>>> print(open('entry.txt').read())   # compact mmCIF, C-alpha atoms and all ligand atoms
# COMPACT_ATOMS: atom_id res chain seq x y z
CA MET D 242 135.40 58.24 26.54
CA GLY D 243 132.54 58.28 24.11
CA GLY D 244 130.74 55.24 22.83
CA THR D 245 127.12 54.37 23.22
CA PHE D 246 125.31 51.27 24.38
CA ASN D 247 122.23 49.61 22.96
CA VAL D 248 119.60 49.57 25.69
CA ALA D 249 116.42 47.55 26.11
CA VAL D 250 113.86 48.62 28.70
CA VAL D 251 111.57 45.69 29.50
CA GLY D 252 108.28 46.78 31.04
CA THR D 253 106.54 50.07 30.36
CA GLY D 254 104.52 50.61 33.55
CA ALA D 255 105.31 53.12 36.30
CA VAL D 256 108.90 51.84 36.79
CA GLY D 257 109.68 51.46 33.06
CA GLN D 258 108.40 54.97 32.35
CA THR D 259 110.53 56.37 35.18
CA MET D 260 113.56 54.49 33.81
CA LEU D 261 113.18 56.27 30.46
CA LYS D 262 112.90 59.62 32.23
CA VAL D 263 116.02 58.92 34.33
CA LEU D 264 118.05 57.65 31.33
CA GLU D 265 117.18 60.87 29.54
CA GLU D 266 117.85 63.20 32.52
CA ARG D 267 121.21 61.61 33.30
CA ASN D 268 122.15 61.63 29.63
CA PHE D 269 122.95 57.90 29.68
CA PRO D 270 124.89 57.05 26.49
CA VAL D 271 121.99 55.28 24.76
CA GLY D 272 122.74 54.04 21.24
CA GLU D 273 119.76 52.07 19.99
CA LEU D 274 116.77 51.90 22.32
CA LYS D 275 114.20 49.10 22.42
CA LEU D 276 111.03 49.28 24.48
CA LEU D 277 109.74 45.82 25.27
CA ALA D 278 106.58 44.70 27.07
CA THR D 279 103.81 42.12 26.99
CA SER D 280 101.41 41.89 24.06
CA ARG D 281 99.00 44.08 26.06
CA SER D 282 101.24 47.15 25.62
CA ALA D 283 102.82 46.24 22.26
CA GLY D 284 102.03 48.80 19.55
CA LYS D 285 101.68 51.71 21.98
CA LYS D 286 104.15 54.56 21.68
CA MET D 287 106.50 56.20 24.18
CA THR D 288 108.83 59.16 23.83
CA PHE D 289 112.54 59.26 24.62
CA LYS D 290 114.55 62.40 23.90
CA GLU D 291 111.75 63.79 21.73
CA LYS D 292 111.68 60.68 19.54
CA GLU D 293 108.74 58.28 19.43
CA TYR D 294 109.34 54.58 19.96
CA VAL D 295 106.82 51.79 19.36
CA ILE D 296 106.65 49.26 22.18
CA GLU D 297 107.41 45.72 20.94
CA GLU D 298 106.28 42.43 22.44
CA THR D 299 109.22 40.76 24.22
CA THR D 300 110.54 37.55 22.66
CA PRO D 301 113.82 35.66 23.25
CA GLU D 302 115.04 37.22 19.98
CA SER D 303 114.39 40.78 21.18
CA PHE D 304 117.84 41.02 22.79
CA LYS D 305 120.02 40.53 19.70
CA GLY D 306 122.50 43.42 19.60
CA ILE D 307 121.46 44.73 23.03
CA ASP D 308 124.30 45.63 25.42
CA ILE D 309 122.23 46.23 28.52
CA ALA D 310 118.67 45.14 29.34
CA LEU D 311 116.88 46.97 32.13
CA PHE D 312 113.97 44.86 33.40
CA ALA D 313 111.39 47.03 35.17
CA GLY D 314 109.88 44.22 37.27
CA GLY D 315 107.31 41.47 37.32
CA GLN D 316 107.74 38.08 35.69
CA ALA D 317 109.54 39.20 32.50
CA SER D 318 113.06 38.55 33.81
CA LYS D 319 112.09 35.02 34.85
CA ILE D 320 110.93 34.30 31.29
CA PHE D 321 113.44 36.32 29.22
CA GLY D 322 116.37 37.14 31.54
CA GLN D 323 118.48 34.13 30.52
CA ALA D 324 117.77 34.71 26.81
CA ALA D 325 118.98 38.29 27.21
CA VAL D 326 122.20 37.10 28.87
CA GLU D 327 122.75 34.46 26.16
CA ALA D 328 122.29 37.16 23.51
CA GLY D 329 125.20 39.00 25.14
CA ALA D 330 123.36 41.62 27.18
CA VAL D 331 123.99 42.42 30.82
CA VAL D 332 120.66 42.31 32.68
CA VAL D 333 119.78 44.68 35.52
CA ASP D 334 116.60 43.34 37.05
CA ASN D 335 114.17 45.22 39.30
CA SER D 336 112.13 42.19 40.30
CA ASN D 337 112.37 39.83 43.23
CA ASN D 338 113.19 36.90 40.89
CA PHE D 339 116.99 36.77 41.37
CA ARG D 340 117.71 38.97 44.38
CA MET D 341 118.62 36.18 46.79
CA ASP D 342 120.34 34.00 44.15
CA PRO D 343 123.96 33.52 45.36
CA ASN D 344 125.16 33.90 41.76
CA VAL D 345 123.53 37.30 41.38
CA PRO D 346 124.91 40.48 42.96
CA LEU D 347 122.31 42.69 44.68
CA VAL D 348 123.59 46.22 44.33
CA VAL D 349 123.07 49.70 45.72
CA PRO D 350 125.90 51.80 44.27
CA GLU D 351 126.35 53.90 47.44
CA VAL D 352 126.64 50.73 49.55
CA ASN D 353 128.25 47.81 47.68
CA PRO D 354 129.46 49.02 44.25
CA GLN D 355 132.26 46.41 44.30
CA ASP D 356 129.69 43.60 43.95
CA VAL D 357 128.97 44.43 40.28
CA ARG D 358 132.42 43.00 39.47
CA TRP D 359 131.42 39.39 40.10
CA HIS D 360 128.22 39.44 38.03
CA LYS D 361 127.56 36.51 35.69
CA GLY D 362 125.13 38.30 33.40
CA ILE D 363 122.42 39.37 35.84
CA ILE D 364 122.55 42.07 38.52
CA ALA D 365 119.55 42.52 40.79
CA ASN D 366 118.11 45.83 41.95
CA PRO D 367 116.82 45.55 45.53
CA ASN D 368 113.30 46.24 46.75
CA CYS D 369 112.52 49.96 47.03
CA SER D 370 112.09 49.93 50.82
CA THR D 371 115.41 48.12 51.24
CA ILE D 372 117.35 50.52 49.00
CA GLN D 373 116.58 53.70 50.91
CA MET D 374 117.18 52.02 54.26
CA VAL D 375 120.61 50.57 53.40
CA VAL D 376 121.80 53.91 51.97
CA ALA D 377 121.12 55.39 55.43
CA LEU D 378 122.47 52.37 57.36
CA LYS D 379 125.80 52.06 55.53
CA PRO D 380 127.60 55.16 56.94
CA ILE D 381 126.46 54.23 60.47
CA TYR D 382 127.58 50.61 59.93
CA ASP D 383 131.02 51.72 58.76
CA ALA D 384 131.42 54.03 61.75
CA VAL D 385 130.19 51.95 64.69
CA GLY D 386 128.78 48.62 63.45
CA ILE D 387 125.14 47.55 63.56
CA ARG D 388 123.69 44.80 65.74
CA ARG D 389 119.97 45.15 65.07
CA VAL D 390 117.50 47.16 62.99
CA VAL D 391 113.78 47.61 63.68
CA VAL D 392 112.00 49.32 60.79
CA SER D 393 108.41 50.39 60.16
CA THR D 394 107.54 51.60 56.67
CA TYR D 395 104.96 54.07 55.40
CA GLN D 396 104.81 53.14 51.72
CA ALA D 397 103.30 55.12 48.88
CA VAL D 398 100.73 53.55 46.58
CA SER D 399 102.96 54.11 43.51
CA GLY D 400 104.93 51.07 44.71
CA ALA D 401 101.97 49.00 43.57
CA GLY D 402 101.88 50.61 40.10
CA GLN D 403 99.80 53.05 38.10
CA ASP D 404 96.50 51.25 38.85
CA ALA D 405 97.17 51.77 42.56
CA ILE D 406 97.80 55.49 42.04
CA ASP D 407 94.50 55.71 40.20
CA GLU D 408 92.73 53.74 42.93
CA LEU D 409 93.84 56.15 45.69
CA ALA D 410 92.68 59.13 43.60
CA GLU D 411 89.32 57.50 42.82
CA GLN D 412 88.68 56.35 46.37
CA SER D 413 89.56 59.77 47.78
CA LYS D 414 86.89 61.32 45.55
CA GLN D 415 84.41 58.58 46.46
CA VAL D 416 84.92 59.10 50.21
CA LEU D 417 84.60 62.89 50.00
CA ALA D 418 81.47 62.58 47.85
CA GLY D 419 79.96 60.12 50.34
CA GLU D 420 79.83 57.43 47.65
CA GLU D 421 80.50 53.72 47.96
CA VAL D 422 84.24 52.97 47.90
CA LYS D 423 85.48 50.31 45.51
CA SER D 424 88.79 48.45 46.02
CA ASN D 425 90.43 46.50 43.19
CA VAL D 426 94.19 46.81 43.66
CA PHE D 427 94.36 46.80 47.47
CA PRO D 428 92.55 44.29 49.71
CA TRP D 429 90.87 47.14 51.64
CA GLN D 430 90.13 50.84 51.17
CA ILE D 431 93.46 52.72 51.02
CA ALA D 432 92.04 56.27 50.97
CA PHE D 433 92.12 57.75 54.52
CA ASN D 434 93.41 54.41 55.82
CA CYS D 435 96.63 52.43 56.56
CA LEU D 436 97.07 48.81 55.50
CA PRO D 437 99.60 46.66 57.38
CA GLN D 438 99.93 44.33 54.40
CA ILE D 439 102.24 44.76 51.40
CA ASP D 440 102.43 41.77 49.06
CA VAL D 441 101.30 38.33 50.29
CA PHE D 442 101.75 36.82 53.76
CA MET D 443 104.37 34.12 54.32
CA ASP D 444 104.30 30.99 56.52
CA ASN D 445 106.05 32.91 59.34
CA ASP D 446 103.24 35.53 59.40
CA TYR D 447 105.49 38.25 57.95
CA SER D 448 104.46 39.84 54.65
CA LYS D 449 106.68 39.13 51.67
CA GLU D 450 107.66 42.83 51.56
CA GLU D 451 108.87 42.59 55.17
CA MET D 452 110.92 39.46 54.41
CA LYS D 453 112.45 41.16 51.35
CA MET D 454 113.72 43.97 53.59
CA ILE D 455 115.10 41.51 56.13
CA ASN D 456 116.92 39.21 53.69
CA GLU D 457 118.11 41.81 51.19
CA THR D 458 119.60 44.09 53.86
CA CYS D 459 122.02 41.39 55.05
CA LYS D 460 123.02 40.46 51.48
CA ILE D 461 123.71 44.06 50.40
CA MET D 462 125.58 44.92 53.60
CA GLY D 463 127.52 41.65 53.28
CA ASP D 464 126.80 40.78 56.91
CA ASP D 465 124.33 38.05 57.85
CA GLN D 466 124.80 38.81 61.55
CA ILE D 467 122.70 41.99 61.38
CA LYS D 468 119.33 41.28 62.96
CA VAL D 469 116.49 42.97 61.11
CA THR D 470 112.76 43.05 61.79
CA ALA D 471 110.22 44.99 59.74
CA THR D 472 106.58 46.06 59.60
CA ALA D 473 105.58 47.26 56.12
CA VAL D 474 102.52 49.50 55.90
CA ARG D 475 100.76 51.01 52.88
CA VAL D 476 99.64 54.60 53.49
CA PRO D 477 97.50 56.95 51.38
CA VAL D 478 100.46 58.79 49.87
CA PHE D 479 101.01 58.92 46.10
CA HIS D 480 104.81 59.02 45.90
CA SER D 481 107.82 58.33 48.17
CA HIS D 482 108.21 55.77 50.92
CA SER D 483 108.94 56.92 54.49
CA GLU D 484 110.57 54.72 57.14
CA ALA D 485 111.04 54.91 60.91
CA VAL D 486 114.36 53.13 61.43
CA ASN D 487 115.57 52.13 64.90
CA ILE D 488 119.19 50.95 65.03
CA GLU D 489 121.15 49.24 67.78
CA THR D 490 124.80 49.94 67.04
CA LYS D 491 127.80 47.95 68.30
CA GLU D 492 129.54 51.03 69.67
CA LYS D 493 128.03 54.23 70.97
CA ILE D 494 127.31 57.03 68.50
CA THR D 495 125.75 60.35 69.47
CA ALA D 496 123.03 61.98 67.40
CA ALA D 497 125.44 64.81 66.53
CA GLU D 498 128.07 62.33 65.30
CA ALA D 499 125.46 60.43 63.27
CA ARG D 500 124.21 63.70 61.74
CA GLU D 501 127.77 64.64 60.76
CA ILE D 502 128.53 61.21 59.21
CA LEU D 503 125.22 61.03 57.35
CA SER D 504 125.54 64.54 55.95
CA LYS D 505 128.87 63.59 54.32
CA ALA D 506 127.65 60.26 52.93
CA PRO D 507 127.00 59.77 49.20
CA GLY D 508 123.39 60.00 48.05
CA ILE D 509 122.08 61.34 51.37
CA VAL D 510 120.59 64.71 52.22
CA VAL D 511 120.16 65.38 55.94
CA VAL D 512 117.03 67.44 56.71
CA ASP D 513 117.04 67.81 60.47
CA ASP D 514 116.31 71.19 62.02
CA LEU D 515 113.62 70.89 64.64
CA GLU D 516 113.33 74.61 65.28
CA ALA D 517 112.52 75.14 61.61
CA LYS D 518 110.20 72.08 61.67
CA ALA D 519 112.52 70.64 59.01
CA TYR D 520 112.42 66.87 58.52
CA PRO D 521 112.13 64.70 55.39
CA LEU D 522 108.69 64.73 53.77
CA ALA D 523 107.32 62.39 51.12
CA ILE D 524 105.99 65.28 49.05
CA GLN D 525 109.41 66.94 49.04
CA ALA D 526 111.31 63.75 48.14
CA GLN D 527 109.07 63.16 45.11
CA GLY D 528 111.03 63.57 41.87
CA ARG D 529 114.39 63.54 43.68
CA ASP D 530 117.13 60.91 43.53
CA GLU D 531 118.62 61.33 47.02
CA VAL D 532 117.69 59.59 50.26
CA PHE D 533 116.52 62.13 52.85
CA VAL D 534 117.32 61.50 56.52
CA GLY D 535 116.09 63.41 59.56
CA ARG D 536 114.70 63.14 63.12
CA ILE D 537 118.16 61.82 64.00
CA ARG D 538 118.12 61.14 67.72
CA GLU D 539 119.37 58.73 70.32
CA ASP D 540 117.13 55.91 71.44
CA PHE D 541 117.69 56.26 75.17
CA SER D 542 115.74 53.07 75.95
CA ILE D 543 118.91 51.04 75.19
CA ASN D 544 122.68 51.62 75.49
CA ASN D 545 123.60 52.13 71.83
CA GLY D 546 120.41 53.17 70.07
CA LEU D 547 119.67 55.56 67.24
CA ASN D 548 116.42 56.59 65.55
CA LEU D 549 116.13 57.90 61.97
CA TRP D 550 113.32 59.00 59.65
CA VAL D 551 114.26 58.04 56.08
CA VAL D 552 112.36 59.15 52.96
CA ALA D 553 112.99 58.58 49.23
CA ASP D 554 111.08 58.53 45.95
CA ASN D 555 110.35 54.82 45.58
CA LEU D 556 110.01 54.91 41.78
CA ARG D 557 113.31 56.80 41.40
CA LYS D 558 115.98 55.87 44.01
CA GLY D 559 113.86 52.85 44.97
CA ALA D 560 113.77 51.53 41.41
CA ALA D 561 114.63 53.41 38.19
CA THR D 562 117.47 55.63 39.41
CA ASN D 563 119.23 52.82 41.27
CA THR D 564 118.98 50.66 38.11
CA VAL D 565 120.46 53.39 35.91
CA GLN D 566 123.19 54.02 38.52
CA ILE D 567 124.09 50.31 38.30
CA ALA D 568 124.28 50.64 34.50
CA GLU D 569 126.54 53.70 34.88
CA LEU D 570 128.71 51.76 37.32
CA LEU D 571 129.06 48.93 34.79
CA ILE D 572 130.32 51.43 32.21
CA LYS D 573 132.72 53.00 34.71
CA GLU D 574 134.11 49.57 35.60
CA GLY D 575 134.48 48.65 31.92
CA LEU D 576 132.01 45.79 32.35
CA LEU D 577 129.73 46.60 29.39
CA LYS D 578 130.47 45.18 25.94
O1 LIG V 601 104.66 47.81 47.04
C1 LIG V 601 105.70 48.45 47.08
O2 LIG V 601 105.78 49.58 47.59
C2 LIG V 601 106.93 47.84 46.54
C3 LIG V 601 106.60 46.79 45.56
C4 LIG V 601 107.50 46.00 45.05
C5 LIG V 601 107.18 44.93 44.14
C6 LIG V 601 105.91 44.84 43.58
C7 LIG V 601 105.60 43.79 42.74
C8 LIG V 601 106.54 42.83 42.44
C9 LIG V 601 108.15 44.00 43.80
C10 LIG V 601 109.54 44.19 44.33
O3 LIG V 601 110.26 45.00 43.76
O4 LIG V 601 109.90 43.55 45.31
C11 LIG V 601 107.83 42.92 42.98
C12 LIG V 601 108.79 41.84 42.68
O5 LIG V 601 108.93 40.97 43.51
O6 LIG V 601 109.40 41.83 41.66
>>> encode(input="entry.txt", output="structure tokens", more="lines below")
Ligand code: 3JN
Amino acid sequence: MGGTFNVAVVGTGAVGQTMLKVLEERNFPVGELKLLATSRSAGKKMTFKEKEYVIEETTPESFKGIDIALFAGGQASKIFGQAAVEAGAVVVDNSNNFRMDPNVPLVVPEVNPQDVRWHKGIIANPNCSTIQMVVALKPIYDAVGIRRVVVSTYQAVSGAGQDAIDELAEQSKQVLAGEEVKSNVFPWQIAFNCLPQIDVFMDNDYSKEEMKMINETCKIMGDDQIKVTATAVRVPVFHSHSEAVNIETKEKITAAEAREILSKAPGIVVVDDLEAKAYPLAIQAQGRDEVFVGRIREDFSINNGLNLWVVADNLRKGAATNTVQIAELLIKEGLLK
């Protein structure tokens, strides 16, 4: 026991800030801490455990002496990830840059913890919408197998960063004041609206967010036979993504059996009491690290069908918490330093 690890957090936006909060809350054994970002944020200060840290501009030399580098997202890992690995750090990366690289494990600790063992320097953190879905799918998969998943998402604006949070707040005021609504972050007004576009569109007419969910789910579950289709929608919610998940299982499972299995699964809280009008809510998941599952019911339009409503805080379990859990797993497995 004992021992600390020198940590670099790369990126100081919504995800980077949440990472610091989660490292502090979970009492991660941080030795030295470096906060790295682009020149735009360099010089600003952030607090960790009541101590102020000055954000430094990331360079290839930034990673000397660092044991673990947590990349919050964006392009930074593409530019500096390899330099961090060469400097001896293990990289846990929140971006899309390495997720589908066959040499990079894509890990959700409740689902495929064993995959951290074959890392070659970089471990990828999945997309937020994928993470919460696979946490809910895994216990069902282990019990009865999964043939097909049809998911529709209701994604909070915080997934698009602090500017998006500000835009929803501003637009809400503009609409209620009868003023002209201005959109900068989103292609259309998000206040009092739903946008069936997250990220760019691909050649197959799916959005990139939808394709991330489809491809990442098979990789994490270690089964490329699972058929997945997705519709990703941005909704005017500040925090927490919600998902309507329809599953076709290989063998029959009743709603009661699914409820029992899910309520015993790691990282899941079942909230499913119709009489009490109890089901997972975005505003209740905010600030929490668990994945909330409810509205568990059979899909009686097919033989082996199940419907779930799955909610989690996208900045926490969808990003920062999952990253810190991977770091904790590396320590537990003796894979750091
Ligand atoms: O919009 C959301 O709710 C999720 C956004 C994810 C995201 C945003 C910008 C870049 C990602 C991601 O994690 O997939 C990336 C990225 O590809 O790194």
>>> closest_residue(input="entry.txt", among="D:Asn366, D:Thr288, D:Gln323, D:Thr300", to="ligand LIG 601 (chain V)", atoms="all atoms listed in the file")
D:Asn366
>>> closest_residue(input="entry.txt", among="D:Phe321, D:Phe246, D:Tyr382, D:Phe479", to="ligand LIG 601 (chain V)", atoms="only C-alpha atoms and all ligand atoms")
D:Phe479
>>> residues_near_point(input="entry.txt", point="(132.0, 43.9, 25.4)", cutoff="12 Å", atoms="all atoms listed in the file", output="list in words")
Gly244, Thr245, Phe246, Asn247, Gly306, Ile307, Asp308, Ile309, Ala328, Gly329, Ala330, Val331, Gly362, Leu571, Ile572, Glu574, Gly575, Leu576, Leu577 and Lys578 of chain D
>>> atom_distance(input="entry.txt", atom1="CA of Val511 (chain D)", atom2="CA of Ala561 (chain D)")
22.1 Å
>>> residues_near_ligand(input="entry.txt", ligand="ligand LIG 601 (chain V)", cutoff="7 Å", atoms="all atoms listed in the file", output="number ranges by chain")
D: 314-315, 335-338, 367-369, 396-401, 439-440, 450, 453
>>> atom_distance(input="entry.txt", atom1="CA of Lys468 (chain D)", atom2="CA of Val376 (chain D)")
16.9 Å
>>> closest_residue(input="entry.txt", among="D:Ile488, D:Ile461, D:Val512, D:Ala506", to="Gln355 (chain D)", atoms="only C-alpha atoms")
D:Ile461
>>> closest_residue(input="entry.txt", among="D:Gly322, D:Pro350, D:Pro507, D:Gly419", to="Ala568 (chain D)", atoms="all atoms listed in the file")
D:Pro350
>>> residues_near_point(input="entry.txt", point="(115.9, 61.5, 56.6)", cutoff="9 Å", atoms="all atoms listed in the file", output="MDAnalysis selection string")
chainID D and resid 377 483:484 509:513 520:522 532:537 549:553
